[in-house]
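Engineer: The structure is given below, and queries will be raised subsequently.
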Amino acid sequence: MAREVVKLTAGIAGLAVGLAACGGGGDGASADGPPRDGDTLRIVGSSDVEHLDTASVASVGGYGLVRTFARTLFATRASNDFAETVPVQADVAARLPSKENGDVSKDGRTYTIRLRDGVMWNASPPRPVTAQDFVRGFQRLCNPASPSAGKGYYISTIKGMDGFCRGFGAVDGKDAAAMAGYQRAHGIDGVRAKDDRTLVFRLKRPASDFLNLLSLPFTAAAPREYDAYVPDSPELRRHMISDGPYQIAEYRPGISYLLTRDPAWRQDTDPIRERHVERIQITLGQDSPETVQQQIEQGAADLAWDQPVPTAAIPRLRDDPRFAIRETPSNSPYLVFNLHSPNNGGALGDRAVRQALEYAIDRSALIKIVGGPSVAQPLHTVIPPGNSGYAAADPYPTPNESGDPGKCRQLLAKTGHRKITLKFPYRTNSVHKLIAQSIAENLSSCGVKTELTADTGGSFYSDTIATPARAREGQWDIAAPGWTPDWYGNNGRSIIQPLFDGRSYGPNSTDYGGYDNPQVNALIDGALTAPDAAHAAGYWHQADQLIMADAAIVPLLDRAHTIFRSSRVHGAVFVPTAAGYDYTRLWLS
C-alpha cells in the first residue's frame, strides 16, 4: 500500500501551486490605498443560514458570518492567492504549537495551547475569553439539540470525546438546564483547562491535521451565557455573544441580520481579522441571482450573500475588475441517493440501480448552466482535484460527458426495477433549479420519473436532507447538495469522513444518504492512524474508489466560485472555505 501512496501525493504537493486564484477582482488594501473606516456594507441574498450556533454551523455562508463574531484557537487567512489561505495561523492561541517549542509532546499526543491576552467577550461588563470557554465549545459539539456535523472529526481524534458524546446523546435535547447540567458534571478527558490561559488536549493517537481541526468554526469559544438556551434555538440566536470585531445587533429570522462593531474587540489582539465598515447589513429573501446582480451593479447593494454571479452575466463581466473567479476545489453539486428510502420498493438501496443511474447525467449541460469550462470541470470522483487523496478516474464514462441514457436503461432493466419515480427536492437560490431540471430530464431519458419540489424555506440542509427520520420515511429520494472541504492542504478527512462515515449518521449528519460501508469505515480509520499525510492519501483514495463502486453519489462538478462586488468595495480578499470575501477586511469608498 505504501508504494501506491507515493504515487497519490502529487496532487497534494501541487496544491499550493495549481490552485492560485484566477480572474480579476481586485486585491487587498495595497491595491486600493489605505483603508477607510465607516459606512454600511450591504449584502443581499436568498436564504438564512441553517445553523447560526457555532457548534452546529455547517454552510459556507455560515462560516463567513461566524468569522465576524466568533473566534477559534487557530484560523486561516483570507487571500486572493489560494496558497496563502492554506496554512494554519494562530488566532486566540498565542502561538502555533510544535515539538520544537515544547507545546506538542514527543509522541504527538499532547498539545498545550496558551491563549493570547486581551481577547474579550462583549458581555456586560466585558470579560476575558478563558480556556474554560473553549472547553465548553468542545462539549457543545455533541449536544442533543443541534449536534455538530463535524463532531466525528473530534470523536475519532480526542481522548474521551466518544464517551462524553454518547452520554450527552441521552440527555433531553429540549431542556437547556439538563444539557448545561450534563456539561458541568461531565468532562472530556482529552480537553482540559489547566488554568484560565492554558488548554491541554490529549489525543487518542497522533493526528497530523489536528491544528486544522482546531481552526474550524465548530471549535469556537462558547461563553457561559449559552448554557441558558437550547443550542441553535431561536432564543440563542437572539442572544449571541461576540469575541470578534462585530456583533449581531439585530436578527430577524429569514429576513435580515444587522452587525455592528463589538466595543470589546481590539485590533492588537486579533492577527486574522480587521474592522473597517461601521455596520454590516445582510438582507435575505431574494432568490433571483439576476436581481441581486442588478442591485450590485446599480450600487444598491455591495455583495451577494449566497449566490454566485448569474451565468448569463459572466461573458460581459470577464474584464471587469469587480468580477473574479476564485478557486474553491469542491464537489459542488453532487447527486446523493437516499439509501434508506422505502419508495419504489427500496430501489435506491440496490447498488445495481444506483450504478445504472450513474450513466444518466449529462455533465456538459451542467457546465453550461454554471458558466462554462472556466467556472467548472466535470467530476467523476468523490475527492476533487487539489485535495488529499485525489487521483483521476472515470468509473462510469459517457460520450463527451453528455450521459448515456441507453446504457442506463439497459442496466436498469436488469435490476427488475422498471418503474421508478424519485422525489427530488431542490434549493431555490442561484442556478439550483436549473441544475435540478437538467438532472430530471436526464433521468427521464433513462426512463426514471422525478417529482421536483422547491425547498423555499431555506431548510434544504437542516430539515430536508439532514434529518434521518425524513429519509427513512421516504420524503426524498435524490438531492443535489454541494460540498466544499472544511479546510485545504492535509484535508483528506474533510471530505470522506463527514460525507461517508456511516458511524456518524444521525441528526445534522452530512452523510445525507445514510451510506455505511464497513470497508470504507476501516479505510477512514487507517487514514486517521497513518504516520503522515502521504500515507493517509492512499487510504483516502481507496475509500474514494469503494464509494464510487457502491455508487453512493454521482459526482457532478468541480466548480469555482464567481463573485462580484460593487464599485465602492475595497480590500476584497477571499476565504475559500466560506466561498466569499472576508467581511472584516472590506472597506468602502
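Labels used: A, B, ... for chains in the order of the C-alpha cells, numbers from 1 for residues in each chain, and numbers from 1 for ligands as shown.
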Name the residues in contact with region 491-493 of chain A at a cut-off of 10 Å, using only C-alpha atoms, excluding same-chain residues fewer than 4 positions from it; report them as a PyMOL selection string.

Structural biologist: chain A and resi 12+152-153+208-209+212-213+383+386-390+485-487+497-499+501+524-525+527-528+533+536-541

Engineer: As JSON, numbers by chain, list the residues of region 395-527 of chain A assigned to strand (DSSP E) by DSSP on the backbone atoms of this structure.

Structural biologist: {"A": [420, 421, 422, 423, 424, 425, 426, 427, 448, 449, 450, 451, 452, 453, 454, 455, 478, 479]}

Engineer: Just to be explicit: take each residue in the selection above, keep N, CA and C atoms, and write the result as a PDB file, in the first residue's frame.

Structural biologist:
```pdb
ATOM      1  N   ILE A 420     -39.654   3.586 -11.818  1.00  0.00           N
ATOM      2  CA  ILE A 420     -39.101   4.308 -10.667  1.00  0.00           C
ATOM      3  C   ILE A 420     -39.505   5.772 -10.751  1.00  0.00           C
ATOM      4  N   THR A 421     -40.005   6.285  -9.631  1.00  0.00           N
ATOM      5  CA  THR A 421     -40.305   7.716  -9.503  1.00  0.00           C
ATOM      6  C   THR A 421     -39.559   8.240  -8.285  1.00  0.00           C
ATOM      7  N   LEU A 422     -38.723   9.241  -8.481  1.00  0.00           N
ATOM      8  CA  LEU A 422     -37.853   9.748  -7.418  1.00  0.00           C
ATOM      9  C   LEU A 422     -38.294  11.123  -6.942  1.00  0.00           C
ATOM     10  N   LYS A 423     -38.441  11.272  -5.636  1.00  0.00           N
ATOM     11  CA  LYS A 423     -38.743  12.567  -5.038  1.00  0.00           C
ATOM     12  C   LYS A 423     -37.446  13.385  -4.961  1.00  0.00           C
ATOM     13  N   PHE A 424     -37.488  14.577  -5.531  1.00  0.00           N
ATOM     14  CA  PHE A 424     -36.267  15.349  -5.762  1.00  0.00           C
ATOM     15  C   PHE A 424     -36.453  16.796  -5.263  1.00  0.00           C
ATOM     16  N   PRO A 425     -36.147  17.077  -3.997  1.00  0.00           N
ATOM     17  CA  PRO A 425     -36.201  18.460  -3.520  1.00  0.00           C
ATOM     18  C   PRO A 425     -34.971  19.229  -4.007  1.00  0.00           C
ATOM     19  N   TYR A 426     -35.151  20.522  -4.255  1.00  0.00           N
ATOM     20  CA  TYR A 426     -34.014  21.314  -4.719  1.00  0.00           C
ATOM     21  C   TYR A 426     -34.034  22.697  -4.084  1.00  0.00           C
ATOM     22  N   ARG A 427     -32.847  23.281  -3.998  1.00  0.00           N
ATOM     23  CA  ARG A 427     -32.713  24.649  -3.487  1.00  0.00           C
ATOM     24  C   ARG A 427     -33.210  25.645  -4.528  1.00  0.00           C
ATOM     25  N   VAL A 448     -36.735   7.106 -15.912  1.00  0.00           N
ATOM     26  CA  VAL A 448     -36.999   7.340 -14.488  1.00  0.00           C
ATOM     27  C   VAL A 448     -37.720   8.672 -14.332  1.00  0.00           C
ATOM     28  N   LYS A 449     -38.844   8.637 -13.652  1.00  0.00           N
ATOM     29  CA  LYS A 449     -39.596   9.862 -13.404  1.00  0.00           C
ATOM     30  C   LYS A 449     -39.080  10.549 -12.141  1.00  0.00           C
ATOM     31  N   THR A 450     -39.286  11.867 -12.079  1.00  0.00           N
ATOM     32  CA  THR A 450     -38.919  12.613 -10.878  1.00  0.00           C
ATOM     33  C   THR A 450     -40.070  13.517 -10.464  1.00  0.00           C
ATOM     34  N   GLU A 451     -40.156  13.763  -9.180  1.00  0.00           N
ATOM     35  CA  GLU A 451     -41.102  14.729  -8.630  1.00  0.00           C
ATOM     36  C   GLU A 451     -40.286  15.854  -8.005  1.00  0.00           C
ATOM     37  N   LEU A 452     -40.131  16.951  -8.756  1.00  0.00           N
ATOM     38  CA  LEU A 452     -39.345  18.085  -8.287  1.00  0.00           C
ATOM     39  C   LEU A 452     -40.137  18.896  -7.268  1.00  0.00           C
ATOM     40  N   THR A 453     -39.470  19.252  -6.170  1.00  0.00           N
ATOM     41  CA  THR A 453     -40.105  20.054  -5.123  1.00  0.00           C
ATOM     42  C   THR A 453     -39.178  21.188  -4.741  1.00  0.00           C
ATOM     43  N   ALA A 454     -39.663  22.412  -4.837  1.00  0.00           N
ATOM     44  CA  ALA A 454     -38.861  23.574  -4.455  1.00  0.00           C
ATOM     45  C   ALA A 454     -38.788  23.691  -2.940  1.00  0.00           C
ATOM     46  N   ASP A 455     -37.572  23.784  -2.424  1.00  0.00           N
ATOM     47  CA  ASP A 455     -37.376  23.977  -0.986  1.00  0.00           C
ATOM     48  C   ASP A 455     -37.279  25.476  -0.735  1.00  0.00           C
ATOM     49  N   ILE A 478     -33.593  11.606  -4.022  1.00  0.00           N
ATOM     50  CA  ILE A 478     -32.322  12.148  -4.503  1.00  0.00           C
ATOM     51  C   ILE A 478     -32.295  13.636  -4.197  1.00  0.00           C
ATOM     52  N   ALA A 479     -31.098  14.179  -4.105  1.00  0.00           N
ATOM     53  CA  ALA A 479     -30.927  15.618  -3.874  1.00  0.00           C
ATOM     54  C   ALA A 479     -29.572  16.014  -4.441  1.00  0.00           C
TER      55      ALA A 479
END
```

Engineer: List as a PyMOL selection string the protein and nucleic acid residues near Thr130 (chain A), meaning an atom at most 9 Å away when only C-alpha atoms are counted, but skip any in the same chain fewer than 2 places from it.

Structural biologist: chain A and resi 115+119-120+128+132-134+193+195-198+221+223

Engineer: Excluding Gln295 (chain A) and any residue of its chain fewer than 5 positions from it, enumerate the residues within 10 Å of it, using only C-alpha atoms, and give them as a ChimeraX atom specification.

Structural biologist: /A:44,289-290,300-304,566

Engineer: Can I get the selection written as a PDB file, in the first residue's frame, with C-alpha atoms?

Structural biologist:
```pdb
ATOM      1  CA  VAL A  44     -28.215  40.775  -0.389  1.00  0.00           C
ATOM      2  CA  PRO A 289     -29.413  35.897  -8.761  1.00  0.00           C
ATOM      3  CA  GLU A 290     -30.184  38.222 -11.679  1.00  0.00           C
ATOM      4  CA  ALA A 300     -27.987  49.470  -4.369  1.00  0.00           C
ATOM      5  CA  ALA A 301     -26.046  46.573  -2.788  1.00  0.00           C
ATOM      6  CA  ASP A 302     -22.381  45.676  -2.364  1.00  0.00           C
ATOM      7  CA  LEU A 303     -22.109  41.875  -2.315  1.00  0.00           C
ATOM      8  CA  ALA A 304     -24.181  38.766  -2.928  1.00  0.00           C
ATOM      9  CA  SER A 566     -19.828  46.924  -6.060  1.00  0.00           C
TER      10      SER A 566
END
```

Engineer: Can you work out the spacing between CA of Gln519 (chain A) and CA of Ala551 (chain A) in Å, to one decimal?

Structural biologist: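 These two atoms are separated by 14.5 Å.
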
Engineer: Restricting the calculation to only C-alpha atoms: of A:Phe323, A:Asp162, A:Phe218, A:Phe82, which residue gets closest to Ile296 (chain A)?

Structural biologist: A:Phe323

Engineer: Which one is closest to His186 (chain A): A:Ala222, A:Leu588, A:Val575, A:Val135? Count only C-alpha atoms.

Structural biologist: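 Result for the nearest residue to His186 (chain A): A:Val135.
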
Engineer: If we count only C-alpha atoms and set the cut-off at 7 Å, which residues sit around region 465-468 of chain A, ignoring sequence neighbours fewer than 5 positions away in its own chain? Please answer as number ranges by chain.

Structural biologist: A: 460, 506-510, 512

Engineer: Keeping only all heavy atoms, write the selected residues as an mmCIF file, in the first residue's frame.

Structural biologist:
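New file again.cif:
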```cif
data_model
loop_
_atom_site.group_PDB
_atom_site.id
_atom_site.type_symbol
_atom_site.label_atom_id
_atom_site.label_comp_id
_atom_site.auth_asym_id
_atom_site.auth_seq_id
_atom_site.Cartn_x
_atom_site.Cartn_y
_atom_site.Cartn_z
ATOM 1 N N PHE A 460 -33.268 23.345 3.242
ATOM 2 C CA PHE A 460 -32.873 22.208 2.414
ATOM 3 C C PHE A 460 -31.931 21.270 3.172
ATOM 4 O O PHE A 460 -32.111 20.054 3.181
ATOM 5 C CB PHE A 460 -32.208 22.718 1.141
ATOM 6 C CG PHE A 460 -31.605 21.655 0.259
ATOM 7 C CD1 PHE A 460 -32.411 20.870 -0.544
ATOM 8 C CD2 PHE A 460 -30.230 21.449 0.226
ATOM 9 C CE1 PHE A 460 -31.856 19.891 -1.368
ATOM 10 C CE2 PHE A 460 -29.673 20.481 -0.591
ATOM 11 C CZ PHE A 460 -30.491 19.699 -1.387
ATOM 12 N N GLY A 506 -26.807 10.455 11.680
ATOM 13 C CA GLY A 506 -27.772 10.882 12.682
ATOM 14 C C GLY A 506 -28.200 12.301 12.372
ATOM 15 O O GLY A 506 -27.884 12.844 11.309
ATOM 16 N N PRO A 507 -28.949 12.954 13.281
ATOM 17 C CA PRO A 507 -29.382 14.334 13.046
ATOM 18 C C PRO A 507 -28.202 15.253 12.741
ATOM 19 O O PRO A 507 -27.165 15.194 13.405
ATOM 20 C CB PRO A 507 -30.064 14.702 14.366
ATOM 21 C CG PRO A 507 -30.521 13.398 14.935
ATOM 22 C CD PRO A 507 -29.463 12.410 14.551
ATOM 23 N N ASN A 508 -28.368 16.090 11.724
ATOM 24 C CA ASN A 508 -27.355 17.055 11.278
ATOM 25 C C ASN A 508 -26.161 16.396 10.591
ATOM 26 O O ASN A 508 -25.210 17.075 10.226
ATOM 27 C CB ASN A 508 -26.849 17.944 12.417
ATOM 28 C CG ASN A 508 -27.848 18.998 12.829
ATOM 29 O OD1 ASN A 508 -28.925 19.101 12.254
ATOM 30 N ND2 ASN A 508 -27.514 19.772 13.843
ATOM 31 N N SER A 509 -26.190 15.084 10.425
ATOM 32 C CA SER A 509 -25.096 14.421 9.728
ATOM 33 C C SER A 509 -25.056 14.886 8.278
ATOM 34 O O SER A 509 -26.082 15.126 7.648
ATOM 35 C CB SER A 509 -25.285 12.902 9.766
ATOM 36 O OG SER A 509 -24.388 12.256 8.879
ATOM 37 N N THR A 510 -23.836 15.002 7.746
ATOM 38 C CA THR A 510 -23.695 15.346 6.330
ATOM 39 C C THR A 510 -23.537 14.096 5.462
ATOM 40 O O THR A 510 -23.330 14.206 4.257
ATOM 41 C CB THR A 510 -22.506 16.297 6.118
ATOM 42 O OG1 THR A 510 -21.357 15.795 6.808
ATOM 43 C CG2 THR A 510 -22.836 17.678 6.653
ATOM 44 N N TYR A 512 -25.669 12.448 4.041
ATOM 45 C CA TYR A 512 -27.099 12.662 3.818
ATOM 46 C C TYR A 512 -27.844 11.391 3.412
ATOM 47 O O TYR A 512 -28.972 11.162 3.833
ATOM 48 C CB TYR A 512 -27.308 13.740 2.744
ATOM 49 C CG TYR A 512 -26.660 15.053 3.069
ATOM 50 C CD1 TYR A 512 -25.659 15.584 2.242
ATOM 51 C CD2 TYR A 512 -27.027 15.779 4.201
ATOM 52 C CE1 TYR A 512 -25.059 16.794 2.535
ATOM 53 C CE2 TYR A 512 -26.416 16.994 4.502
ATOM 54 C CZ TYR A 512 -25.436 17.490 3.658
ATOM 55 O OH TYR A 512 -24.834 18.684 3.949
#
```

Engineer: As a short mmCIF file (atom, residue, chain, number, x, y, z; two decimals) with N, CA, C and O atoms, in the first residue's frame, please: the residues near Gly372 (chain A) (cut-off 12 Å, only C-alpha atoms, same-chain neighbours under 3 positions excluded).

Structural biologist:
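Dumped to selection-v1.cif:
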```cif
data_model
loop_
_atom_site.label_atom_id
_atom_site.label_comp_id
_atom_site.auth_asym_id
_atom_site.auth_seq_id
_atom_site.Cartn_x
_atom_site.Cartn_y
_atom_site.Cartn_z
N PRO A 310 -24.71 35.41 -11.90
CA PRO A 310 -25.56 34.69 -12.87
C PRO A 310 -24.76 34.29 -14.10
O PRO A 310 -23.95 35.06 -14.62
N THR A 311 -25.01 33.10 -14.59
CA THR A 311 -24.25 32.56 -15.71
C THR A 311 -24.30 33.49 -16.93
O THR A 311 -23.28 33.72 -17.59
N ALA A 312 -25.47 34.04 -17.22
CA ALA A 312 -25.62 34.88 -18.41
C ALA A 312 -24.79 36.15 -18.34
O ALA A 312 -24.45 36.75 -19.37
N ALA A 313 -24.44 36.59 -17.12
CA ALA A 313 -23.69 37.84 -16.96
C ALA A 313 -22.18 37.64 -17.08
O ALA A 313 -21.44 38.61 -17.28
N ILE A 314 -21.70 36.41 -16.98
CA ILE A 314 -20.27 36.17 -16.92
C ILE A 314 -19.53 36.65 -18.16
O ILE A 314 -18.49 37.33 -18.04
N PRO A 315 -20.01 36.40 -19.41
CA PRO A 315 -19.24 36.84 -20.58
C PRO A 315 -18.98 38.34 -20.61
O PRO A 315 -17.87 38.77 -20.95
N ILE A 325 -13.12 35.02 -10.58
CA ILE A 325 -13.38 33.59 -10.44
C ILE A 325 -12.36 33.08 -9.43
O ILE A 325 -11.15 33.14 -9.67
N ARG A 363 -23.17 15.91 -17.84
CA ARG A 363 -22.38 16.93 -17.14
C ARG A 363 -22.08 18.13 -18.03
O ARG A 363 -21.91 19.24 -17.54
N SER A 364 -22.02 17.90 -19.34
CA SER A 364 -21.73 19.02 -20.25
C SER A 364 -22.84 20.07 -20.15
O SER A 364 -22.56 21.28 -20.23
N ALA A 365 -24.08 19.64 -19.96
CA ALA A 365 -25.18 20.59 -19.80
C ALA A 365 -25.06 21.36 -18.49
O ALA A 365 -25.34 22.56 -18.43
N LEU A 366 -24.63 20.66 -17.45
CA LEU A 366 -24.48 21.33 -16.14
C LEU A 366 -23.38 22.37 -16.20
O LEU A 366 -23.50 23.45 -15.59
N ILE A 367 -22.30 22.07 -16.91
CA ILE A 367 -21.21 23.04 -17.02
C ILE A 367 -21.69 24.31 -17.71
O ILE A 367 -21.33 25.43 -17.30
N LYS A 368 -22.51 24.17 -18.72
CA LYS A 368 -23.07 25.36 -19.38
C LYS A 368 -23.95 26.15 -18.43
O LYS A 368 -23.93 27.39 -18.43
N ILE A 369 -24.71 25.46 -17.59
CA ILE A 369 -25.61 26.15 -16.66
C ILE A 369 -24.84 27.02 -15.68
O ILE A 369 -25.26 28.13 -15.36
N VAL A 375 -15.40 28.01 -15.32
CA VAL A 375 -16.00 28.01 -13.99
C VAL A 375 -16.06 26.60 -13.41
O VAL A 375 -15.92 26.42 -12.20
N ALA A 376 -16.27 25.59 -14.23
CA ALA A 376 -16.45 24.24 -13.72
C ALA A 376 -15.88 23.21 -14.67
O ALA A 376 -15.85 23.40 -15.88
N GLN A 377 -15.45 22.09 -14.08
CA GLN A 377 -14.98 20.93 -14.83
C GLN A 377 -15.79 19.71 -14.40
O GLN A 377 -16.25 19.64 -13.25
N PRO A 378 -15.97 18.74 -15.29
CA PRO A 378 -16.70 17.53 -14.89
C PRO A 378 -15.93 16.78 -13.81
O PRO A 378 -14.70 16.73 -13.83
N LEU A 557 -19.68 18.18 -10.58
CA LEU A 557 -18.81 19.28 -10.99
C LEU A 557 -17.79 19.63 -9.92
O LEU A 557 -18.09 19.62 -8.73
N ASP A 558 -16.59 19.96 -10.38
CA ASP A 558 -15.61 20.67 -9.54
C ASP A 558 -15.72 22.12 -9.97
O ASP A 558 -15.30 22.49 -11.06
N ARG A 559 -16.30 22.91 -9.10
CA ARG A 559 -16.77 24.23 -9.50
C ARG A 559 -16.08 25.36 -8.74
O ARG A 559 -15.98 25.32 -7.51
N ALA A 560 -15.56 26.34 -9.46
CA ALA A 560 -15.01 27.54 -8.85
C ALA A 560 -16.16 28.48 -8.48
O ALA A 560 -17.31 28.25 -8.84
N THR A 562 -17.77 32.20 -8.71
CA THR A 562 -17.79 33.51 -9.37
C THR A 562 -18.34 34.53 -8.39
O THR A 562 -19.34 34.29 -7.72
#
```

Engineer: Which residues come within 9 Å of Ala471 (chain A), counting only C-alpha atoms, excluding same-chain residues fewer than 2 positions away, as a JSON list (two decimals) with N, CA, C and O atoms, in the first residue's frame?

Structural biologist:
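The file below, part30.json, is the result:
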```json
[["chain", "number", "residue", "atom", "x", "y", "z"],
["A", 338, "ASN", "N", -30.71, 8.64, -1.43],
["A", 338, "ASN", "CA", -31.21, 8.26, -0.10],
["A", 338, "ASN", "C", -31.30, 6.74, -0.04],
["A", 338, "ASN", "O", -32.25, 6.14, -0.51],
["A", 339, "LEU", "N", -30.29, 6.13, 0.54],
["A", 339, "LEU", "CA", -30.21, 4.67, 0.57],
["A", 339, "LEU", "C", -31.26, 4.04, 1.48],
["A", 339, "LEU", "O", -31.47, 2.83, 1.43],
["A", 340, "HIS", "N", -31.89, 4.85, 2.32],
["A", 340, "HIS", "CA", -32.89, 4.33, 3.27],
["A", 340, "HIS", "C", -34.33, 4.55, 2.80],
["A", 340, "HIS", "O", -35.26, 4.22, 3.52],
["A", 341, "SER", "N", -34.51, 5.09, 1.61],
["A", 341, "SER", "CA", -35.86, 5.38, 1.13],
["A", 341, "SER", "C", -36.64, 4.09, 0.88],
["A", 341, "SER", "O", -36.16, 3.19, 0.18],
["A", 342, "PRO", "N", -37.86, 4.01, 1.41],
["A", 342, "PRO", "CA", -38.70, 2.84, 1.14],
["A", 342, "PRO", "C", -39.43, 2.93, -0.20],
["A", 342, "PRO", "O", -40.07, 1.97, -0.62],
["A", 464, "THR", "N", -34.57, 19.09, 5.50],
["A", 464, "THR", "CA", -34.96, 18.16, 4.44],
["A", 464, "THR", "C", -34.02, 16.97, 4.33],
["A", 464, "THR", "O", -34.45, 15.82, 4.46],
["A", 465, "ILE", "N", -32.73, 17.20, 4.09],
["A", 465, "ILE", "CA", -31.85, 16.06, 3.79],
["A", 465, "ILE", "C", -30.96, 15.65, 4.96],
["A", 465, "ILE", "O", -30.31, 14.61, 4.89],
["A", 466, "ALA", "N", -30.89, 16.45, 6.02],
["A", 466, "ALA", "CA", -30.04, 16.10, 7.17],
["A", 466, "ALA", "C", -30.84, 15.56, 8.34],
["A", 466, "ALA", "O", -30.35, 15.54, 9.46],
["A", 467, "THR", "N", -32.07, 15.13, 8.08],
["A", 467, "THR", "CA", -32.92, 14.55, 9.12],
["A", 467, "THR", "C", -33.18, 13.09, 8.78],
["A", 467, "THR", "O", -33.98, 12.79, 7.88],
["A", 468, "PRO", "N", -32.52, 12.15, 9.45],
["A", 468, "PRO", "CA", -32.66, 10.73, 9.11],
["A", 468, "PRO", "C", -34.10, 10.23, 9.12],
["A", 468, "PRO", "O", -34.47, 9.38, 8.30],
["A", 469, "ALA", "N", -34.92, 10.76, 10.02],
["A", 469, "ALA", "CA", -36.31, 10.30, 10.08],
["A", 469, "ALA", "C", -37.02, 10.59, 8.77],
["A", 469, "ALA", "O", -37.81, 9.76, 8.28],
["A", 473, "GLU", "N", -38.56, 7.87, 6.07],
["A", 473, "GLU", "CA", -39.98, 7.96, 5.69],
["A", 473, "GLU", "C", -40.15, 8.09, 4.18],
["A", 473, "GLU", "O", -41.27, 8.05, 3.67],
["A", 474, "GLY", "N", -39.04, 8.27, 3.47],
["A", 474, "GLY", "CA", -39.12, 8.42, 2.02],
["A", 474, "GLY", "C", -39.60, 9.78, 1.58],
["A", 474, "GLY", "O", -40.16, 9.92, 0.49],
["A", 475, "GLN", "N", -39.32, 10.82, 2.38],
["A", 475, "GLN", "CA", -39.74, 12.15, 1.99],
["A", 475, "GLN", "C", -38.86, 12.71, 0.86],
["A", 475, "GLN", "O", -39.21, 13.68, 0.23],
["A", 476, "TRP", "N", -37.71, 12.08, 0.64],
["A", 476, "TRP", "CA", -36.89, 12.43, -0.52],
["A", 476, "TRP", "C", -36.12, 11.19, -0.97],
["A", 476, "TRP", "O", -35.86, 10.28, -0.18],
["A", 477, "ASP", "N", -35.76, 11.18, -2.25],
["A", 477, "ASP", "CA", -35.00, 10.07, -2.82],
["A", 477, "ASP", "C", -33.63, 10.49, -3.33],
["A", 477, "ASP", "O", -32.64, 9.79, -3.14],
["A", 512, "TYR", "N", -25.67, 12.45, 4.04],
["A", 512, "TYR", "CA", -27.10, 12.66, 3.82],
["A", 512, "TYR", "C", -27.84, 11.39, 3.41],
["A", 512, "TYR", "O", -28.97, 11.16, 3.83],
["A", 513, "GLY", "N", -27.20, 10.55, 2.59],
["A", 513, "GLY", "CA", -27.88, 9.36, 2.10],
["A", 513, "GLY", "C", -27.84, 8.18, 3.04],
["A", 513, "GLY", "O", -28.41, 7.14, 2.75],
["A", 514, "GLY", "N", -27.15, 8.33, 4.19],
["A", 514, "GLY", "CA", -27.06, 7.23, 5.14],
["A", 514, "GLY", "C", -26.15, 6.11, 4.66],
["A", 514, "GLY", "O", -26.35, 4.94, 5.02]]
```

Engineer: Quick one: distance from CA of Leu96 (chain A) to CA of Phe74 (chain A) in Å, one decimal?

Structural biologist: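 Atom-to-atom, CA of Leu96 (chain A) to CA of Phe74 (chain A), that is 8.1 Å.
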
Engineer: Just list the residues in region 229-383 of chain A DSSP gives helix (DSSP H, G or I) on the backbone, as a ChimeraX atom specification.

Structural biologist: /A:234-237,267-269,289-297,311-317,343-349,351-358,363-370

Engineer: To one decimal in Å, tell me the separation between CA of Val49 (chain A) and CA of Gly62 (chain A).

Structural biologist: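 About the pair CA of Val49 (chain A) and CA of Gly62 (chain A): they are 5.7 Å apart.
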
Engineer: Nearest residue to His561 (chain A) out of A:Pro308, A:Trp587, A:Ala347, A:Pro397, using only C-alpha atoms?

Structural biologist: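 That would be A:Pro308, the residue with the smallest distance to His561 (chain A).
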
Engineer: From the set A:Tyr257, A:Phe564, A:Phe500, A:Tyr111, which residue has the shortest atom-to-atom contact distance to Leu65 (chain A), counting only C-alpha atoms?

Structural biologist: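 Closest to Leu65 (chain A), using only C-alpha atoms: A:Tyr257.
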